[in-house]
file protein-v6.pdb (PDB, C-alpha atoms)
ATOM      1  CA  MET A   1      -5.228  33.113  24.876
ATOM      2  CA  SER A   2      -1.706  34.491  24.485
ATOM      3  CA  LEU A   3      -2.995  37.970  25.486
ATOM      4  CA  LEU A   4      -3.654  36.706  29.025
ATOM      5  CA  PRO A   5      -0.887  36.811  31.649
ATOM      6  CA  LYS A   6       0.985  33.498  31.984
ATOM      7  CA  PHE A   7      -0.160  32.793  35.563
ATOM      8  CA  ILE A   8      -3.808  32.847  34.385
ATOM      9  CA  GLN A   9      -3.163  31.132  31.072
ATOM     10  CA  LYS A  10      -1.935  27.833  32.493
ATOM     11  CA  PRO A  11      -4.756  27.142  35.013
ATOM     12  CA  LEU A  12      -7.303  28.326  32.450
ATOM     13  CA  ILE A  13      -6.003  25.887  29.838
ATOM     14  CA  GLY A  14      -5.930  23.174  32.522
ATOM     15  CA  PHE A  15      -9.550  23.900  33.435
ATOM     16  CA  LEU A  16     -10.743  23.945  29.831
ATOM     17  CA  ALA A  17      -8.792  20.756  29.094
ATOM     18  CA  SER A  18     -10.492  19.039  32.046
ATOM     19  CA  LEU A  19     -13.851  19.602  30.346
ATOM     20  CA  THR A  20     -12.866  17.370  27.439
ATOM     21  CA  PRO A  21     -11.403  13.849  27.310
ATOM     22  CA  PRO A  22      -7.569  13.631  27.334
ATOM     23  CA  CYS A  23      -5.659  13.558  24.032
ATOM     24  CA  ARG A  24      -5.156   9.801  24.267
ATOM     25  CA  ARG A  25      -8.926   9.281  24.311
ATOM     26  CA  ILE A  26      -9.564  11.854  21.565
ATOM     27  CA  VAL A  27      -7.083  10.099  19.286
ATOM     28  CA  ALA A  28      -8.824   6.731  19.842
ATOM     29  CA  LEU A  29     -12.254   8.300  19.302
ATOM     30  CA  GLY A  30     -10.970   9.955  16.128
ATOM     31  CA  SER A  31     -10.144   6.535  14.758
ATOM     32  CA  GLN A  32     -13.432   5.010  15.942
ATOM     33  CA  ARG A  33     -15.307   7.849  14.219
ATOM     34  CA  ILE A  34     -14.079   6.467  10.857
ATOM     35  CA  ASP A  35     -15.231   2.920  11.573
ATOM     36  CA  SER A  36     -18.427   3.249  13.541
ATOM     37  CA  ALA A  37     -21.441   2.859  11.246
ATOM     38  CA  SER A  38     -23.692   4.806  13.601
ATOM     39  CA  GLY A  39     -21.171   7.597  14.307
ATOM     40  CA  LEU A  40     -20.117   8.697  17.774
ATOM     41  CA  GLY A  41     -23.180  10.689  18.684
ATOM     42  CA  PRO A  42     -23.589  14.456  18.945
ATOM     43  CA  ILE A  43     -22.230  14.886  22.483
ATOM     44  CA  ILE A  44     -18.966  13.020  21.888
ATOM     45  CA  SER A  45     -18.546  14.752  18.519
ATOM     46  CA  LEU A  46     -19.006  18.112  20.224
ATOM     47  CA  ARG A  47     -16.451  17.250  22.914
ATOM     48  CA  ILE A  48     -13.949  16.204  20.250
ATOM     49  CA  ARG A  49     -14.520  19.469  18.402
ATOM     50  CA  PHE A  50     -14.142  21.496  21.601
ATOM     51  CA  HIS A  51     -10.952  19.618  22.469
ATOM     52  CA  CYS A  52      -9.523  20.326  19.017
ATOM     53  CA  VAL A  53     -10.151  24.054  19.430
ATOM     54  CA  LEU A  54      -7.829  23.951  22.453
ATOM     55  CA  CYS A  55      -5.376  21.323  21.255
ATOM     56  CA  LYS A  56      -3.496  21.893  18.009
ATOM     57  CA  ALA A  57      -1.810  18.461  18.170
ATOM     58  CA  CYS A  58      -5.117  16.565  18.271
ATOM     59  CA  ALA A  59      -6.632  18.765  15.549
ATOM     60  CA  ARG A  60      -3.592  17.986  13.407
ATOM     61  CA  TYR A  61      -3.787  14.255  14.218
ATOM     62  CA  LEU A  62      -7.440  14.001  13.204
ATOM     63  CA  GLN A  63      -6.696  15.855   9.973
ATOM     64  CA  GLN A  64      -3.866  13.421   9.285
ATOM     65  CA  LEU A  65      -6.189  10.467   9.931
ATOM     66  CA  ASP A  66      -8.478  11.831   7.216
ATOM     67  CA  PHE A  67      -5.459  12.049   4.913
ATOM     68  CA  LEU A  68      -4.545   8.403   5.708
ATOM     69  CA  HIS A  69      -8.133   7.360   5.025
ATOM     70  CA  GLU A  70      -8.008   9.043   1.614
ATOM     71  CA  ALA A  71      -4.513   7.723   0.820
ATOM     72  CA  ALA A  72      -5.466   4.147   1.754
ATOM     73  CA  ALA A  73      -8.477   4.313  -0.562
ATOM     74  CA  GLN A  74      -6.220   5.356  -3.452
ATOM     75  CA  SER A  75      -3.327   3.039  -2.601
ATOM     76  CA  SER A  76      -4.509   0.104  -4.700
ATOM     77  CA  GLN A  77      -4.480   2.268  -7.849
ATOM     78  CA  HIS A  78      -0.811   3.091  -7.450
ATOM     79  CA  PHE A  79       0.772   0.163  -9.038
ATOM     80  CA  ALA A  80       3.742   1.191 -11.134
ATOM     81  CA  PRO A  81       7.224  -0.237 -11.712
ATOM     82  CA  GLY A  82       9.522   0.771  -8.909
ATOM     83  CA  SER A  83       6.692   1.681  -6.546
ATOM     84  CA  GLY A  84       7.865  -0.959  -4.094
ATOM     85  CA  ARG A  85       5.116  -3.453  -4.806
ATOM     86  CA  ALA A  86       5.648  -7.182  -5.077
ATOM     87  CA  ARG A  87       5.591  -8.925  -8.460
ATOM     88  CA  LEU A  88       4.342 -12.374  -9.348
ATOM     89  CA  PRO A  89       7.467 -14.506  -9.988
ATOM     90  CA  GLU A  90       8.003 -15.537 -13.627
ATOM     91  CA  GLU A  91       7.867 -19.276 -12.868
ATOM     92  CA  ALA A  92       4.500 -18.802 -11.138
ATOM     93  CA  LYS A  93       3.239 -16.902 -14.207
ATOM     94  CA  GLN A  94       4.344 -19.751 -16.427
ATOM     95  CA  ARG A  95       2.664 -22.311 -14.180
ATOM     96  CA  ILE A  96      -0.593 -20.343 -14.119
ATOM     97  CA  ARG A  97      -0.553 -19.896 -17.926
ATOM     98  CA  GLU A  98      -0.225 -23.673 -18.312
ATOM     99  CA  ARG A  99      -3.080 -24.283 -15.857
ATOM    100  CA  ILE A 100      -5.277 -21.873 -17.831
ATOM    101  CA  ARG A 101      -4.432 -23.644 -21.090
ATOM    102  CA  CYS A 102      -5.271 -27.049 -19.530
ATOM    103  CA  GLU A 103      -8.520 -25.697 -18.130
ATOM    104  CA  ARG A 104      -9.527 -24.212 -21.501
ATOM    105  CA  ALA A 105      -8.659 -27.425 -23.313
ATOM    106  CA  SER A 106     -10.887 -29.397 -20.985
ATOM    107  CA  GLN A 107     -13.848 -27.006 -21.365
TER     108      GLN A 107
ATOM    109  CA  MET B   1     -31.825 -13.718 -38.957
ATOM    110  CA  PRO B   2     -30.458 -10.803 -36.913
ATOM    111  CA  GLU B   3     -26.722 -10.239 -37.036
ATOM    112  CA  LEU B   4     -24.985 -11.787 -34.037
ATOM    113  CA  THR B   5     -23.125  -8.894 -32.441
ATOM    114  CA  GLN B   6     -23.229  -9.892 -28.793
ATOM    115  CA  SER B   7     -22.176 -12.947 -26.832
ATOM    116  CA  PRO B   8     -24.699 -14.703 -24.564
ATOM    117  CA  ALA B   9     -23.219 -12.744 -21.666
ATOM    118  CA  GLY B  10     -24.109  -9.486 -23.337
ATOM    119  CA  LEU B  11     -20.620  -8.697 -24.550
ATOM    120  CA  ARG B  12     -19.449  -8.147 -28.096
ATOM    121  CA  PRO B  13     -17.192 -11.043 -29.111
ATOM    122  CA  GLU B  14     -14.222  -8.708 -29.524
ATOM    123  CA  SER B  15     -14.639  -7.391 -25.976
ATOM    124  CA  ARG B  16     -14.809 -10.835 -24.368
ATOM    125  CA  PRO B  17     -11.980 -11.382 -21.886
ATOM    126  CA  ASP B  18      -8.928 -13.333 -22.948
ATOM    127  CA  PRO B  19      -7.653 -15.344 -19.968
ATOM    128  CA  GLU B  20      -4.279 -15.912 -21.661
ATOM    129  CA  ARG B  21      -3.580 -12.186 -21.285
ATOM    130  CA  TRP B  22      -4.680 -11.989 -17.666
ATOM    131  CA  VAL B  23      -1.443 -13.407 -16.268
ATOM    132  CA  ASP B  24       0.645 -10.678 -17.914
ATOM    133  CA  GLU B  25      -1.812  -7.819 -17.579
ATOM    134  CA  HIS B  26      -3.167  -8.409 -14.076
ATOM    135  CA  GLY B  27      -0.886 -11.062 -12.519
ATOM    136  CA  ASP B  28       1.388  -8.611 -10.680
ATOM    137  CA  TYR B  29      -1.546  -6.520  -9.473
ATOM    138  CA  LEU B  30      -3.464  -9.532  -8.169
ATOM    139  CA  PHE B  31      -0.325 -10.977  -6.597
ATOM    140  CA  HIS B  32       0.359  -7.754  -4.705
ATOM    141  CA  PHE B  33      -3.293  -7.598  -3.665
ATOM    142  CA  ALA B  34      -3.150 -11.182  -2.334
ATOM    143  CA  LEU B  35       0.304 -10.898  -0.776
ATOM    144  CA  SER B  36      -0.456  -7.708   1.119
ATOM    145  CA  ARG B  37      -3.470  -9.392   2.692
ATOM    146  CA  LEU B  38      -2.183 -12.940   3.164
ATOM    147  CA  ARG B  39       1.503 -12.151   3.889
ATOM    148  CA  ASP B  40       2.545 -15.479   2.410
ATOM    149  CA  ALA B  41       4.049 -15.503  -1.096
ATOM    150  CA  SER B  42       3.286 -19.104  -2.010
ATOM    151  CA  LEU B  43      -0.280 -18.813  -0.691
ATOM    152  CA  ALA B  44      -0.667 -15.570  -2.651
ATOM    153  CA  GLU B  45       0.485 -17.315  -5.868
ATOM    154  CA  ASP B  46      -2.121 -20.046  -5.276
ATOM    155  CA  PHE B  47      -4.810 -17.424  -4.763
ATOM    156  CA  VAL B  48      -3.891 -15.657  -8.016
ATOM    157  CA  GLN B  49      -4.077 -18.971  -9.873
ATOM    158  CA  GLU B  50      -7.431 -19.872  -8.300
ATOM    159  CA  THR B  51      -8.766 -16.404  -9.095
ATOM    160  CA  LEU B  52      -7.804 -16.585 -12.768
ATOM    161  CA  LEU B  53      -9.240 -20.099 -13.082
ATOM    162  CA  ALA B  54     -12.453 -18.951 -11.380
ATOM    163  CA  GLY B  55     -12.521 -16.013 -13.819
ATOM    164  CA  LEU B  56     -12.115 -18.413 -16.741
ATOM    165  CA  ARG B  57     -14.934 -20.640 -15.481
ATOM    166  CA  GLY B  58     -17.186 -17.672 -14.781
ATOM    167  CA  MET B  59     -16.341 -15.677 -17.913
ATOM    168  CA  ASP B  60     -19.938 -15.899 -19.141
ATOM    169  CA  ARG B  61     -21.034 -14.008 -16.061
ATOM    170  CA  TYR B  62     -18.655 -11.100 -16.760
ATOM    171  CA  GLN B  63     -20.902  -8.350 -18.045
ATOM    172  CA  GLY B  64     -18.225  -5.814 -18.879
ATOM    173  CA  ARG B  65     -19.701  -3.282 -16.444
ATOM    174  CA  SER B  66     -16.402  -3.002 -14.569
ATOM    175  CA  THR B  67     -12.872  -3.327 -15.890
ATOM    176  CA  GLU B  68     -11.419  -6.834 -16.104
ATOM    177  CA  ARG B  69      -9.001  -5.968 -13.322
ATOM    178  CA  THR B  70     -11.757  -4.802 -10.972
ATOM    179  CA  TRP B  71     -13.802  -7.908 -11.763
ATOM    180  CA  LEU B  72     -10.854 -10.253 -11.117
ATOM    181  CA  ALA B  73      -9.868  -8.328  -7.953
ATOM    182  CA  GLY B  74     -13.469  -8.779  -6.740
ATOM    183  CA  ILE B  75     -13.160 -12.559  -7.196
ATOM    184  CA  LEU B  76      -9.820 -12.542  -5.376
ATOM    185  CA  ARG B  77     -11.182 -10.376  -2.567
ATOM    186  CA  ASN B  78     -14.008 -12.868  -1.945
ATOM    187  CA  LYS B  79     -11.550 -15.749  -1.927
ATOM    188  CA  VAL B  80      -9.357 -13.932   0.611
ATOM    189  CA  LEU B  81     -12.397 -13.184   2.791
ATOM    190  CA  ASP B  82     -13.428 -16.867   2.672
ATOM    191  CA  HIS B  83      -9.912 -17.776   3.715
ATOM    192  CA  PHE B  84     -10.084 -15.324   6.637
ATOM    193  CA  ARG B  85     -13.478 -16.716   7.653
ATOM    194  CA  VAL B  86     -11.856 -20.105   8.152
ATOM    195  CA  ALA B  87      -8.703 -18.573   9.693
ATOM    196  CA  GLY B  88     -10.851 -16.457  12.010
ATOM    197  CA  ARG B  89     -12.498 -19.599  13.356
ATOM    198  CA  GLU B  90      -9.167 -21.306  13.843
ATOM    199  CA  THR B  91      -7.085 -18.549  15.424
ATOM    200  CA  ASN B  92      -7.470 -15.814  17.939
ATOM    201  CA  PHE B  93      -7.477 -12.965  15.458
ATOM    202  CA  THR B  94      -5.968 -10.124  17.438
ATOM    203  CA  ASP B  95      -2.614  -8.422  17.761
ATOM    204  CA  LEU B  96      -3.539  -6.097  20.570
ATOM    205  CA  GLU B  97      -0.111  -5.936  22.139
ATOM    206  CA  PHE B  98       1.224  -4.190  19.013
ATOM    207  CA  PHE B  99       2.310  -0.570  19.564
ATOM    208  CA  THR B 100       1.277  -0.503  23.242
ATOM    209  CA  ASP B 101       4.748   0.643  24.389
ATOM    210  CA  GLU B 102       4.875   3.238  21.631
ATOM    211  CA  GLU B 103       1.400   4.444  22.592
ATOM    212  CA  GLU B 104       2.517   4.742  26.228
ATOM    213  CA  ARG B 105       5.481   6.888  25.189
ATOM    214  CA  THR B 106       3.321   8.954  22.839
ATOM    215  CA  PHE B 107       1.066  10.025  25.714
ATOM    216  CA  GLU B 108       3.685  10.201  28.467
ATOM    217  CA  ASN B 109       3.192  13.683  29.879
ATOM    218  CA  GLN B 110       4.133  14.563  33.479
ATOM    219  CA  GLU B 111       2.166  17.784  33.564
ATOM    220  CA  TYR B 112      -1.031  16.647  31.820
ATOM    221  CA  PRO B 113      -1.380  12.852  32.072
ATOM    222  CA  ASP B 114      -2.625  11.156  28.889
ATOM    223  CA  HIS B 115      -1.967  14.216  26.785
ATOM    224  CA  TRP B 116       0.649  14.314  24.001
ATOM    225  CA  ASN B 117       4.265  13.881  24.906
ATOM    226  CA  PRO B 118       5.624  17.005  23.148
ATOM    227  CA  ALA B 119       8.385  14.910  21.499
ATOM    228  CA  HIS B 120       5.742  12.645  19.896
ATOM    229  CA  ALA B 121       3.054  15.187  19.008
ATOM    230  CA  PRO B 122       2.176  15.245  15.290
ATOM    231  CA  SER B 123       4.180  17.655  13.144
ATOM    232  CA  GLU B 124       2.570  19.715  10.467
ATOM    233  CA  TRP B 125       2.454  17.889   7.116
ATOM    234  CA  THR B 126       3.199  20.520   4.531
ATOM    235  CA  ASP B 127       1.291  20.111   1.277
ATOM    236  CA  ALA B 128       0.208  16.560   2.131
ATOM    237  CA  GLY B 129      -2.325  16.418  -0.721
ATOM    238  CA  SER B 130       0.330  16.734  -3.422
ATOM    239  CA  SER B 131       2.147  13.685  -1.995
ATOM    240  CA  LEU B 132      -0.645  11.545  -3.410
ATOM    241  CA  ASP B 133       0.581  12.375  -6.929
ATOM    242  CA  ARG B 134       4.119  11.185  -6.274
ATOM    243  CA  GLU B 135       5.191   7.591  -6.845
ATOM    244  CA  GLU B 136       7.907   7.915  -4.165
ATOM    245  CA  PHE B 137       5.172   8.595  -1.621
ATOM    246  CA  TRP B 138       3.376   5.382  -2.563
ATOM    247  CA  LYS B 139       6.599   3.439  -2.188
ATOM    248  CA  VAL B 140       6.927   4.739   1.393
ATOM    249  CA  PHE B 141       3.200   4.183   2.026
ATOM    250  CA  HIS B 142       3.407   0.520   0.941
ATOM    251  CA  GLN B 143       6.603   0.007   2.935
ATOM    252  CA  CYS B 144       4.998   1.490   6.056
ATOM    253  CA  SER B 145       1.758  -0.485   5.728
ATOM    254  CA  GLY B 146       3.852  -3.605   5.052
ATOM    255  CA  LYS B 147       5.531  -3.152   8.447
ATOM    256  CA  LEU B 148       2.258  -3.569  10.352
ATOM    257  CA  PRO B 149       1.994  -6.953  12.094
ATOM    258  CA  ASP B 150       0.126  -9.571  10.017
ATOM    259  CA  ARG B 151      -3.271  -9.411  11.643
ATOM    260  CA  ILE B 152      -3.350  -5.674  12.169
ATOM    261  CA  GLY B 153      -2.147  -5.180   8.601
ATOM    262  CA  ARG B 154      -4.929  -7.407   7.249
ATOM    263  CA  VAL B 155      -7.595  -5.646   9.261
ATOM    264  CA  PHE B 156      -6.311  -2.257   8.105
ATOM    265  CA  LEU B 157      -6.340  -3.302   4.438
ATOM    266  CA  LEU B 158      -9.814  -4.813   4.689
ATOM    267  CA  ARG B 159     -11.203  -1.714   6.339
ATOM    268  CA  GLU B 160      -9.285   1.168   4.754
ATOM    269  CA  VAL B 161      -8.308  -0.170   1.329
ATOM    270  CA  ASP B 162     -11.163  -2.564   0.540
ATOM    271  CA  ARG B 163     -13.639  -0.421   2.522
ATOM    272  CA  ILE B 164     -15.359  -3.455   4.024
ATOM    273  CA  SER B 165     -17.740  -2.480   6.822
ATOM    274  CA  SER B 166     -16.681  -2.969  10.446
ATOM    275  CA  ASP B 167     -19.626  -5.361  10.983
ATOM    276  CA  GLU B 168     -18.554  -7.581   8.106
ATOM    277  CA  ILE B 169     -14.926  -7.646   9.263
ATOM    278  CA  CYS B 170     -16.018  -8.522  12.810
ATOM    279  CA  SER B 171     -18.223 -11.372  11.618
ATOM    280  CA  THR B 172     -15.613 -12.639   9.120
ATOM    281  CA  LEU B 173     -12.748 -12.627  11.592
ATOM    282  CA  LYS B 174     -14.873 -13.441  14.641
ATOM    283  CA  ILE B 175     -13.666 -10.468  16.651
ATOM    284  CA  SER B 176     -15.554  -7.970  18.772
ATOM    285  CA  PRO B 177     -16.082  -4.389  17.545
ATOM    286  CA  ASN B 178     -13.897  -3.186  20.428
ATOM    287  CA  ASN B 179     -11.002  -5.385  19.359
ATOM    288  CA  LEU B 180     -11.403  -4.196  15.792
ATOM    289  CA  TRP B 181     -11.370  -0.539  16.856
ATOM    290  CA  VAL B 182      -8.258  -1.030  18.977
ATOM    291  CA  MET B 183      -6.471  -2.802  16.106
ATOM    292  CA  LEU B 184      -7.406  -0.099  13.602
ATOM    293  CA  HIS B 185      -6.479   2.653  16.054
ATOM    294  CA  ARG B 186      -3.010   1.145  16.606
ATOM    295  CA  ALA B 187      -2.565   0.590  12.866
ATOM    296  CA  ARG B 188      -3.340   4.254  12.191
ATOM    297  CA  LEU B 189      -1.073   5.471  15.010
ATOM    298  CA  ALA B 190       1.788   3.366  13.646
ATOM    299  CA  LEU B 191       1.209   4.180   9.979
ATOM    300  CA  ARG B 192       0.875   7.896  10.666
ATOM    301  CA  ARG B 193       4.114   7.896  12.624
ATOM    302  CA  CYS B 194       5.939   5.883   9.965
ATOM    303  CA  LEU B 195       4.806   8.278   7.203
ATOM    304  CA  GLU B 196       5.777  11.264   9.315
ATOM    305  CA  ILE B 197       9.289   9.942   9.893
ATOM    306  CA  HIS B 198       9.973   8.424   6.465
ATOM    307  CA  TRP B 199       8.114  10.797   4.192
ATOM    308  CA  PHE B 200       7.103  14.124   5.669
ATOM    309  CA  LYS B 201      10.125  14.711   7.920
ATOM    310  CA  SER B 202      12.631  13.360   5.418
ATOM    311  CA  ALA B 203      11.083  15.613   2.721
ATOM    312  CA  GLU B 204      11.556  18.565   5.099
ATOM    313  CA  GLU B 205      15.183  17.605   5.743
ATOM    314  CA  ASP B 206      15.815  17.317   1.980
ATOM    315  CA  ALA B 207      14.383  20.803   1.497
ATOM    316  CA  GLU B 208      16.653  22.314   4.159
TER     317      GLU B 208
END

call {"tool": "encode", "arguments": {"input": "protein-v6.pdb", "output": "structure tokens"}}
result
Amino acid sequence: MSLLPKFIQKPLIGFLASLTPPCRRIVALGSQRIDSASGLGPIISLRIRFHCVLCKACARYLQQLDFLHEAAAQSSQHFAPGSGRARLPEEAKQRIRERIRCERASQ
Amino acid sequence: MPELTQSPAGLRPESRPDPERWVDEHGDYLFHFALSRLRDASLAEDFVQETLLAGLRGMDRYQGRSTERTWLAGILRNKVLDHFRVAGRETNFTDLEFFTDEEERTFENQEYPDHWNPAHAPSEWTDAGSSLDREEFWKVFHQCSGKLPDRIGRVFLLREVDRISSDEICSTLKISPNNLWVMLHRARLALRRCLEIHWFKSAEEDAE
């Protein structure tokens, strides 16, 4: 595209962009694609792909959504001291231990 | 008489769970799990207690196929879902106004309406995959996901962390698929932006 003169480049990009949904819609569809059990269908998927060929920002966003999806799946395994996660207060632990002992004694 | 090596539940006696240990070994994990979904510390404590007591009562059903932690987290997850089922009936479970202004600014573009505002377009995340191995990243991740509004945060955790299907979330929370998609979309927009600012961009600045 950068080989074309500037006065052709801009309208050409505008024309190609008009063939696909705007970025705002692509970003929403990219999220829906993760959650929809039946997928988005071949035509919408093709339009998203075409849009991403022209738009680096959307391509990057969709890639980052995949990263978030992967990170979220792993997030519950990352439970280490100092990782910013909440801890059960000591008095609650003590109370729960006592409840367990009572429950066991009554079994 | 054959030697008794297994409990009635199919477990060797030495591998049977010990509920006394659960509080120390899994208490913090279960508390974080409950708190991140319920956003109420005292309610989360109650849920941990109820989970451990349910585990104690149902110990004979524990087959040892999953780790103790996974088994207990499964009990807790079902309790949280039951709680949401009731909450979903009682409240209008949406937070659709969240991030609308930010979304407007993100796609404010005079030349091409509804395309990225260049100031808000995603930056390149250098070596994102290796972030997953760094504890500092997870600290930022949990801080960012903790900033999501209550309902959106819950929906995001149910869908992306617990991997519960959209249909099940919709029926549990009594929301339409469209509302769910909007909530998840806004959660992802916000979380992505938060990670970009607080992790990826700050890592770049540190490197400079």

call {"tool": "resolve_selection", "arguments": {"input": "protein-v6.pdb", "expression": "the PyMOL selection byres ((chain B and resi 67-82) around 7)", "output": "list in words"}}
result
His26, Leu30, Thr51, Gly55, Gly64, Arg65, Ser66, His83, Phe84, Arg85 and Val86 of chain B

call {"tool": "write_last_selection", "arguments": {"input": "protein-v6.pdb", "atoms": "C-alpha atoms", "output": "PDB file, in the coordinates of the input"}}
result
ATOM      1  CA  HIS B  26      -3.167  -8.409 -14.076  1.00  0.00           C
ATOM      2  CA  LEU B  30      -3.464  -9.532  -8.169  1.00  0.00           C
ATOM      3  CA  THR B  51      -8.766 -16.404  -9.095  1.00  0.00           C
ATOM      4  CA  GLY B  55     -12.521 -16.013 -13.819  1.00  0.00           C
ATOM      5  CA  GLY B  64     -18.225  -5.814 -18.879  1.00  0.00           C
ATOM      6  CA  ARG B  65     -19.701  -3.282 -16.444  1.00  0.00           C
ATOM      7  CA  SER B  66     -16.402  -3.002 -14.569  1.00  0.00           C
ATOM      8  CA  HIS B  83      -9.912 -17.776   3.715  1.00  0.00           C
ATOM      9  CA  PHE B  84     -10.084 -15.324   6.637  1.00  0.00           C
ATOM     10  CA  ARG B  85     -13.478 -16.716   7.653  1.00  0.00           C
ATOM     11  CA  VAL B  86     -11.856 -20.105   8.152  1.00  0.00           C
TER      12      VAL B  86
END

call {"tool": "interface_residues", "arguments": {"input": "protein-v6.pdb", "of": "chain A", "to": "chain B", "cutoff": "9 Å", "atoms": "only C-alpha atoms", "output": "VMD selection string"}}
result
chain A and resid 14 22 to 25 27 to 32 35 to 37 57 to 58 60 to 61 64 to 65 67 to 76 78 to 80 82 to 89 92 to 97 99 to 101 103 to 104 107

call {"tool": "write_last_selection", "arguments": {"input": "protein-v6.pdb", "atoms": "C-alpha atoms", "output": "mmCIF file, in the frame of the given file"}}
result
data_model
loop_
_atom_site.group_PDB
_atom_site.id
_atom_site.type_symbol
_atom_site.label_atom_id
_atom_site.label_comp_id
_atom_site.auth_asym_id
_atom_site.auth_seq_id
_atom_site.Cartn_x
_atom_site.Cartn_y
_atom_site.Cartn_z
ATOM 1 C CA GLY A 14 -5.930 23.174 32.522
ATOM 2 C CA PRO A 22 -7.569 13.631 27.334
ATOM 3 C CA CYS A 23 -5.659 13.558 24.032
ATOM 4 C CA ARG A 24 -5.156 9.801 24.267
ATOM 5 C CA ARG A 25 -8.926 9.281 24.311
ATOM 6 C CA VAL A 27 -7.083 10.099 19.286
ATOM 7 C CA ALA A 28 -8.824 6.731 19.842
ATOM 8 C CA LEU A 29 -12.254 8.300 19.302
ATOM 9 C CA GLY A 30 -10.970 9.955 16.128
ATOM 10 C CA SER A 31 -10.144 6.535 14.758
ATOM 11 C CA GLN A 32 -13.432 5.010 15.942
ATOM 12 C CA ASP A 35 -15.231 2.920 11.573
ATOM 13 C CA SER A 36 -18.427 3.249 13.541
ATOM 14 C CA ALA A 37 -21.441 2.859 11.246
ATOM 15 C CA ALA A 57 -1.810 18.461 18.170
ATOM 16 C CA CYS A 58 -5.117 16.565 18.271
ATOM 17 C CA ARG A 60 -3.592 17.986 13.407
ATOM 18 C CA TYR A 61 -3.787 14.255 14.218
ATOM 19 C CA GLN A 64 -3.866 13.421 9.285
ATOM 20 C CA LEU A 65 -6.189 10.467 9.931
ATOM 21 C CA PHE A 67 -5.459 12.049 4.913
ATOM 22 C CA LEU A 68 -4.545 8.403 5.708
ATOM 23 C CA HIS A 69 -8.133 7.360 5.025
ATOM 24 C CA GLU A 70 -8.008 9.043 1.614
ATOM 25 C CA ALA A 71 -4.513 7.723 0.820
ATOM 26 C CA ALA A 72 -5.466 4.147 1.754
ATOM 27 C CA ALA A 73 -8.477 4.313 -0.562
ATOM 28 C CA GLN A 74 -6.220 5.356 -3.452
ATOM 29 C CA SER A 75 -3.327 3.039 -2.601
ATOM 30 C CA SER A 76 -4.509 0.104 -4.700
ATOM 31 C CA HIS A 78 -0.811 3.091 -7.450
ATOM 32 C CA PHE A 79 0.772 0.163 -9.038
ATOM 33 C CA ALA A 80 3.742 1.191 -11.134
ATOM 34 C CA GLY A 82 9.522 0.771 -8.909
ATOM 35 C CA SER A 83 6.692 1.681 -6.546
ATOM 36 C CA GLY A 84 7.865 -0.959 -4.094
ATOM 37 C CA ARG A 85 5.116 -3.453 -4.806
ATOM 38 C CA ALA A 86 5.648 -7.182 -5.077
ATOM 39 C CA ARG A 87 5.591 -8.925 -8.460
ATOM 40 C CA LEU A 88 4.342 -12.374 -9.348
ATOM 41 C CA PRO A 89 7.467 -14.506 -9.988
ATOM 42 C CA ALA A 92 4.500 -18.802 -11.138
ATOM 43 C CA LYS A 93 3.239 -16.902 -14.207
ATOM 44 C CA GLN A 94 4.344 -19.751 -16.427
ATOM 45 C CA ARG A 95 2.664 -22.311 -14.180
ATOM 46 C CA ILE A 96 -0.593 -20.343 -14.119
ATOM 47 C CA ARG A 97 -0.553 -19.896 -17.926
ATOM 48 C CA ARG A 99 -3.080 -24.283 -15.857
ATOM 49 C CA ILE A 100 -5.277 -21.873 -17.831
ATOM 50 C CA ARG A 101 -4.432 -23.644 -21.090
ATOM 51 C CA GLU A 103 -8.520 -25.697 -18.130
ATOM 52 C CA ARG A 104 -9.527 -24.212 -21.501
ATOM 53 C CA GLN A 107 -13.848 -27.006 -21.365
#

call {"tool": "atom_distance", "arguments": {"input": "protein-v6.pdb", "atom1": "CA of Leu19 (chain A)", "atom2": "CA of Asp101 (chain B)"}}
result
27.2 Å

call {"tool": "atom_distance", "arguments": {"input": "protein-v6.pdb", "atom1": "CA of Leu43 (chain B)", "atom2": "CA of Ala87 (chain B)"}}
result
13.4 Å

call {"tool": "closest_residue", "arguments": {"input": "protein-v6.pdb", "among": "A:Ala59, A:Leu46, A:Cys102, A:Leu54", "to": "Phe15 (chain A)", "atoms": "all atoms listed in the file"}}
result
A:Leu54

call {"tool": "resolve_selection", "arguments": {"input": "protein-v6.pdb", "expression": "the PyMOL selection byres ((chain A and resi 47) around 12)", "output": "PyMOL selection string"}}
result
chain A and resi 16-23+25-26+29-30+40-46+48-55

call {"tool": "atom_distance", "arguments": {"input": "protein-v6.pdb", "atom1": "CA of Gln77 (chain A)", "atom2": "CA of Leu158 (chain B)"}}
result
15.4 Å

call {"tool": "axis_aligned_box", "arguments": {"input": "protein-v6.pdb", "around": "region 125-137 of chain B", "padding_each_side": "4 Å", "output": "JSON"}}
result
{"center_x": 2.8, "center_y": 14.1, "center_z": 0.1, "size_x": 18.2, "size_y": 20.9, "size_z": 22.0}
